Structure formats: structure tokens, C-alpha cells
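Student: Shown below is the structure under consideration.
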Amino acid sequence: MDEFPYSDKLNEQRSCEEIIRWWNVPYVDELTYEESGEIGVCVLDGATWDGPRLISEHATFEEAVAAANFYVNHSDIWRRFQEPYEALAKVDHLIDMSSFIHGKLAKMDEKQLFNYMFHWLPDANQANLELSLVD
């Protein structure tokens, strides 16, 4: 099952297999061409709550592939499809809003905010072990 992640689906309602395969994996989505006339690069990384987000759009497939490779090579959390899954997401930009997100007055640190917002992400060790048994 190597299909792209579903659009318009709450991230926490995705199957473990879908998350393990696609979490933090930039991919070229040629279907965006139908909407914008350009080829998109998308990633399922939690930046949107209901699907992959569009990172960039390009005139050609080759440019989109080059962009996806650039993003992976210059990111500390994005990965290639065949690389092991890790339960990672950027939350540092939300630290100042964490008291509003959590509904309490105390500001959370990055780890607390990640655990609060992404508690549904599968454990990486267990997920990679299960995936290796299937393959």
C-alpha cells in the first residue's frame, strides 16, 4: 500500500500504516496540476489538521522532484519514503500560544506541547518493528 496520504481526513483518524509510511515524507502530487496548472510538492507533517499540506508548486515534474529532494536534504525531520518513521512534528512556533491551545494559563515547553498535540502518533519503535514484519 504505497498510495499517497488521503486528503480531507483528520490526521489523528489515519491508520497507523498510513502515518508510518507518509509522516514527514515530501512527495510530488501531480493532481495539483488540475487545480493550479503546476505540479505540487506536499507533505503530511501535522501542519494542517486534516491532510497533507502543499509546500510548493512547480512548472515541471523534474522541478518538483528537485524541490522535494531539497526539502528532505535541508530538514531535520522530513525523510525519504524508505527511511524509518519517527514520531516528530514541529511545534516550536506554537510555544507562545500553548496556553490557549491547552486551555490553561501555564505555558508548555516544546515536549509537553508535542505530547499534547500529537499524542495520537504511533510509537516509532513499535511502528517500525511492525512494518518490518509485514514487508
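In the C-alpha cells, chains take the letters A, B, ... in the order shown, each chain's residues start at 1, and ligands count up from 1 in the order shown.
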Just the residues within 9 Å of region 114-117 of chain A, please, counting only C-alpha atoms, with nothing from its chain fewer than 3 positions along; format it as a list in words.
Tutor: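 Within the cut-off, the hits are Leu88, Ala89, Lys90, Val91, Asp92, Ile101, His102, Asp109, Glu110, Lys111 and Trp120 of chain A.
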Student: Only N, CA and C atoms, please: the residues just picked out, written as a compact mmCIF listing (two decimals), in the first residue's frame.
Tutor:
# COMPACT_ATOMS: atom_id res chain seq x y z
N LEU A 88 7.76 12.67 14.87
CA LEU A 88 8.29 14.03 15.00
C LEU A 88 7.34 15.02 14.35
N ALA A 89 7.26 16.21 14.95
CA ALA A 89 6.49 17.30 14.35
C ALA A 89 7.01 18.62 14.93
N LYS A 90 6.98 19.65 14.13
CA LYS A 90 7.41 20.98 14.58
C LYS A 90 6.30 21.62 15.41
N VAL A 91 6.65 22.05 16.60
CA VAL A 91 5.68 22.78 17.44
C VAL A 91 6.30 24.05 18.03
N ASP A 92 7.59 24.27 17.80
CA ASP A 92 8.26 25.41 18.42
C ASP A 92 7.60 26.75 18.08
N ILE A 101 -3.91 26.88 23.38
CA ILE A 101 -4.14 25.57 22.79
C ILE A 101 -4.55 24.57 23.86
N HIS A 102 -3.86 24.59 24.98
CA HIS A 102 -4.10 23.63 26.05
C HIS A 102 -5.25 24.06 26.95
N ASP A 109 6.33 23.66 27.56
CA ASP A 109 7.58 23.59 26.80
C ASP A 109 7.31 22.79 25.53
N GLU A 110 8.33 22.68 24.67
CA GLU A 110 8.15 22.04 23.36
C GLU A 110 7.71 20.58 23.49
N LYS A 111 8.30 19.84 24.40
CA LYS A 111 7.96 18.42 24.57
C LYS A 111 6.52 18.26 25.07
N TRP A 120 -1.52 11.07 19.38
CA TRP A 120 -2.05 10.01 18.52
C TRP A 120 -1.02 9.42 17.56
Student: Write out as a ChimeraX atom specification all residues of chain A that DSSP puts in helix (DSSP H, G or I) for this structure's backbone.
Tutor: /A:11-13,16-22,32-36,61-73,92-102,110-117,124-134
Student: So that I can check the secondary structure, give me every residue of chain A assigned strand (DSSP E) by backbone DSSP, as a list in words.
Tutor: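 Strand (DSSP E) members of chain A, listed: Tyr27, Val28, Asp29, Ile39, Gly40, Val41, Cys42, Val43, Arg53, Leu54, Ile55, Ser56, Glu57 and His58 of chain A.
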Student: Please save N, CA, C and O atoms of the selected residues as a PDB file, in the first residue's frame.
Tutor:
ATOM      1  N   TYR A  27       6.360  14.568  -1.029  1.00  0.00           N
ATOM      2  CA  TYR A  27       6.100  13.812  -2.248  1.00  0.00           C
ATOM      3  C   TYR A  27       5.529  14.731  -3.320  1.00  0.00           C
ATOM      4  O   TYR A  27       4.967  15.783  -3.034  1.00  0.00           O
ATOM      5  N   VAL A  28       5.719  14.319  -4.568  1.00  0.00           N
ATOM      6  CA  VAL A  28       5.230  15.078  -5.723  1.00  0.00           C
ATOM      7  C   VAL A  28       3.791  14.652  -5.988  1.00  0.00           C
ATOM      8  O   VAL A  28       3.500  13.465  -6.123  1.00  0.00           O
ATOM      9  N   ASP A  29       2.911  15.624  -6.049  1.00  0.00           N
ATOM     10  CA  ASP A  29       1.492  15.365  -6.283  1.00  0.00           C
ATOM     11  C   ASP A  29       1.081  16.027  -7.596  1.00  0.00           C
ATOM     12  O   ASP A  29       0.809  17.226  -7.650  1.00  0.00           O
ATOM     13  N   ILE A  39       2.672  21.583 -10.736  1.00  0.00           N
ATOM     14  CA  ILE A  39       2.817  20.310 -10.030  1.00  0.00           C
ATOM     15  C   ILE A  39       3.247  20.593  -8.596  1.00  0.00           C
ATOM     16  O   ILE A  39       4.228  21.302  -8.361  1.00  0.00           O
ATOM     17  N   GLY A  40       2.530  20.035  -7.629  1.00  0.00           N
ATOM     18  CA  GLY A  40       2.764  20.335  -6.236  1.00  0.00           C
ATOM     19  C   GLY A  40       3.705  19.367  -5.535  1.00  0.00           C
ATOM     20  O   GLY A  40       3.846  18.219  -5.921  1.00  0.00           O
ATOM     21  N   VAL A  41       4.345  19.886  -4.482  1.00  0.00           N
ATOM     22  CA  VAL A  41       5.081  19.065  -3.532  1.00  0.00           C
ATOM     23  C   VAL A  41       4.334  19.202  -2.213  1.00  0.00           C
ATOM     24  O   VAL A  41       4.073  20.313  -1.746  1.00  0.00           O
ATOM     25  N   CYS A  42       3.950  18.062  -1.641  1.00  0.00           N
ATOM     26  CA  CYS A  42       3.144  18.039  -0.424  1.00  0.00           C
ATOM     27  C   CYS A  42       3.846  17.234   0.657  1.00  0.00           C
ATOM     28  O   CYS A  42       4.747  16.450   0.379  1.00  0.00           O
ATOM     29  N   VAL A  43       3.392  17.396   1.895  1.00  0.00           N
ATOM     30  CA  VAL A  43       3.918  16.599   2.999  1.00  0.00           C
ATOM     31  C   VAL A  43       2.835  16.469   4.069  1.00  0.00           C
ATOM     32  O   VAL A  43       2.088  17.413   4.337  1.00  0.00           O
ATOM     33  N   ARG A  53      -0.089  19.055   3.524  1.00  0.00           N
ATOM     34  CA  ARG A  53      -0.082  20.464   3.122  1.00  0.00           C
ATOM     35  C   ARG A  53       0.763  20.629   1.874  1.00  0.00           C
ATOM     36  O   ARG A  53       1.711  19.889   1.633  1.00  0.00           O
ATOM     37  N   LEU A  54       0.375  21.584   1.073  1.00  0.00           N
ATOM     38  CA  LEU A  54       1.101  21.924  -0.139  1.00  0.00           C
ATOM     39  C   LEU A  54       2.291  22.787   0.264  1.00  0.00           C
ATOM     40  O   LEU A  54       2.120  23.854   0.852  1.00  0.00           O
ATOM     41  N   ILE A  55       3.511  22.313  -0.036  1.00  0.00           N
ATOM     42  CA  ILE A  55       4.724  23.059   0.312  1.00  0.00           C
ATOM     43  C   ILE A  55       5.073  24.045  -0.796  1.00  0.00           C
ATOM     44  O   ILE A  55       5.425  25.191  -0.538  1.00  0.00           O
ATOM     45  N   SER A  56       5.021  23.568  -2.038  1.00  0.00           N
ATOM     46  CA  SER A  56       5.385  24.425  -3.167  1.00  0.00           C
ATOM     47  C   SER A  56       4.777  23.867  -4.450  1.00  0.00           C
ATOM     48  O   SER A  56       4.317  22.723  -4.479  1.00  0.00           O
ATOM     49  N   GLU A  57       4.777  24.696  -5.506  1.00  0.00           N
ATOM     50  CA  GLU A  57       4.279  24.279  -6.819  1.00  0.00           C
ATOM     51  C   GLU A  57       5.329  24.617  -7.869  1.00  0.00           C
ATOM     52  O   GLU A  57       6.038  25.623  -7.741  1.00  0.00           O
ATOM     53  N   HIS A  58       5.392  23.768  -8.911  1.00  0.00           N
ATOM     54  CA  HIS A  58       6.453  23.889  -9.900  1.00  0.00           C
ATOM     55  C   HIS A  58       5.915  23.669 -11.304  1.00  0.00           C
ATOM     56  O   HIS A  58       4.927  22.965 -11.503  1.00  0.00           O
TER      57      HIS A  58
END
Student: Residues within 9 Å of region 79-87 of chain A, please, as a list in words. Count only C-alpha atoms; anything in the same chain fewer than 2 positions from it doesn't count.
Tutor: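 Everything that qualifies: Ile19, Ile20, Arg21, Trp22, Trp23, Asn24, Val25, Pro26, Tyr27, Asn69, Tyr71, Val72, Asn73, Ser75, Asp76, Ile77, Ala89, Phe118, Leu121, Pro122, Asp123, Ala124, Asn125, Ala127 and Asn128 of chain A.
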Student: What is the CA of Leu10 (chain A)-CA of Gln112 (chain A) distance in Å, reported with one decimal?
Tutor: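 Pair CA of Leu10 (chain A) / CA of Gln112 (chain A) returns 21.4 Å.
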Student: Separation of CA of His93 (chain A) and CA of Phe70 (chain A), in Å?
Tutor: 22.0 Å
